[in-house]
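Chemist: My structure is below; once you've seen it, I'll send some questions.
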Amino acid sequence: MFLIPAVIVLLGLILYWCKLSKNNARFAKDIPGPKSYPIIGSTHLFVGSDEHTFSVVNELFRKYDGMFKLLLGTKTVLCLSDPDLIQQALTTSACQDKAFFYRFLEMDYGLVSARYTDWKLYRKLLNPAFNQRILVSFISIFSRCSEDMVSRMAKEEAKHRPFDVLHYTAQCTLEMVCASSLKSDIT
């Protein structure tokens with residue numbers, strides 16, 4: 001008795017998914033990418049550990065030079081590695097809104113995850129602090145902090161044991177922020 005309605009609902013969902021997928025993927029039909037399957041798209045490639053996912057992404061960027069597409073369910077995601085394509089995407093107003101996966105960050109008003117309209121306002125306020133002359137004056141600070149981080153990591157690497165890179169990058173970032181913004185050395 002429940003079989004017929006269940007089959008009808010399932011067929012309706014499949015048709016709805018097909019319509020969404022076709023509409024969403026139409027703009028990227030000529031862009032190469034890994035094999036995708038109905039409903040799951042290319043997500044099967046990323047099942048496994050973080051190391052596996054990282055190696056899959058690296059391999060995809062090597063295989064598809066510059067640009068490829070991934071289908072994540074009904075969403076088409078363009079992945080770019082060519083600097084010219086990245087610059088074009090970042091400066092095109094059509095690409096300014098955040099992608100669907102930013103919603104998972106649950107930081108609606110963060111500088112990175114804010115909606116385009118909010119981000120545009122923040123950018124206007126922050127632009128004077130990041131003009132080229134000011135940034136060039138920070139290069140020596142960034143260089144010194146990076147060299148310090150690399151030397152600390154080299155000492156850890158010499159022990160031939162795994163270590164947490166995040167600790168060192170977080171410390172380096174804090175040193176850079178304090179030295180460039182607060183003019184204080186925390187090392």
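Identifiers in this document derive from the order of the structure tokens: chains are assigned A, B, ..., residues are numbered from 1 separately in each chain, and ligands are numbered from 1 in order of occurrence.
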Which of region 28-160 of chain A end up as strand (DSSP E or B) when DSSP is run on this backbone - answer as a PyMOL selection string?

Modeler: chain A and resi 37+41+67-72+75-80

Chemist: Report, in Å with one decimal, the straight-line distance from CA of Arg123 (chain A) to CA of Ser93 (chain A).

Modeler: 14.2 Å

Chemist: Ranking A:Ala179, A:Leu80, A:Val57, A:Ile31 by minimum distance to Ser140 (chain A) and counting only C-alpha atoms, which one comes first?

Modeler: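 With only C-alpha atoms as the atom set, the closest residue is A:Ala179.
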
Chemist: Work out how far apart CA of Pro34 (chain A) and CA of Ala94 (chain A) are and give it in Å to one decimal.

Modeler: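 Separating CA of Pro34 (chain A) from CA of Ala94 (chain A) is a distance of 25.0 Å.
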
Chemist: Set the distance at 10 Å and use only C-alpha atoms: which residues neighbour Tyr168 (chain A) once local chain neighbours fewer than 3 positions away are removed? I'd like the list as number ranges by chain.

Modeler: A: 146, 148-150, 152-153, 163-165, 171-174

Chemist: Looking at only C-alpha atoms, which of A:Leu15, A:Ile139, A:Met67, A:Ile39 is the one that sits closest to Asp82 (chain A)?

Modeler: A:Met67

Chemist: Closest to Ser81 (chain A) among A:Pro128, A:Gly33, A:Gly66, A:Pro162, using only C-alpha atoms?

Modeler: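 For Ser81 (chain A), the nearest of the given residues is A:Gly66.
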
Chemist: Calculate how many Å separate CA of Leu45 (chain A) from CA of Gly12 (chain A), rounding to one decimal.

Modeler: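 Between these atoms lies a distance of 27.0 Å.
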
Chemist: Out of region 8-178 of chain A, which residues get alpha helix (DSSP H) from DSSP, as a PyMOL selection string?

Modeler: chain A and resi 8-25+50-63+83-91+116-126+132-158+165-178

Chemist: Contacts of Gly41 (chain A) at 7 Å or less, counting only C-alpha atoms, minus same-chain residues fewer than 2 places along, as an NGL selection string?

Modeler: :A and (36-39 or 43 or 71-73)
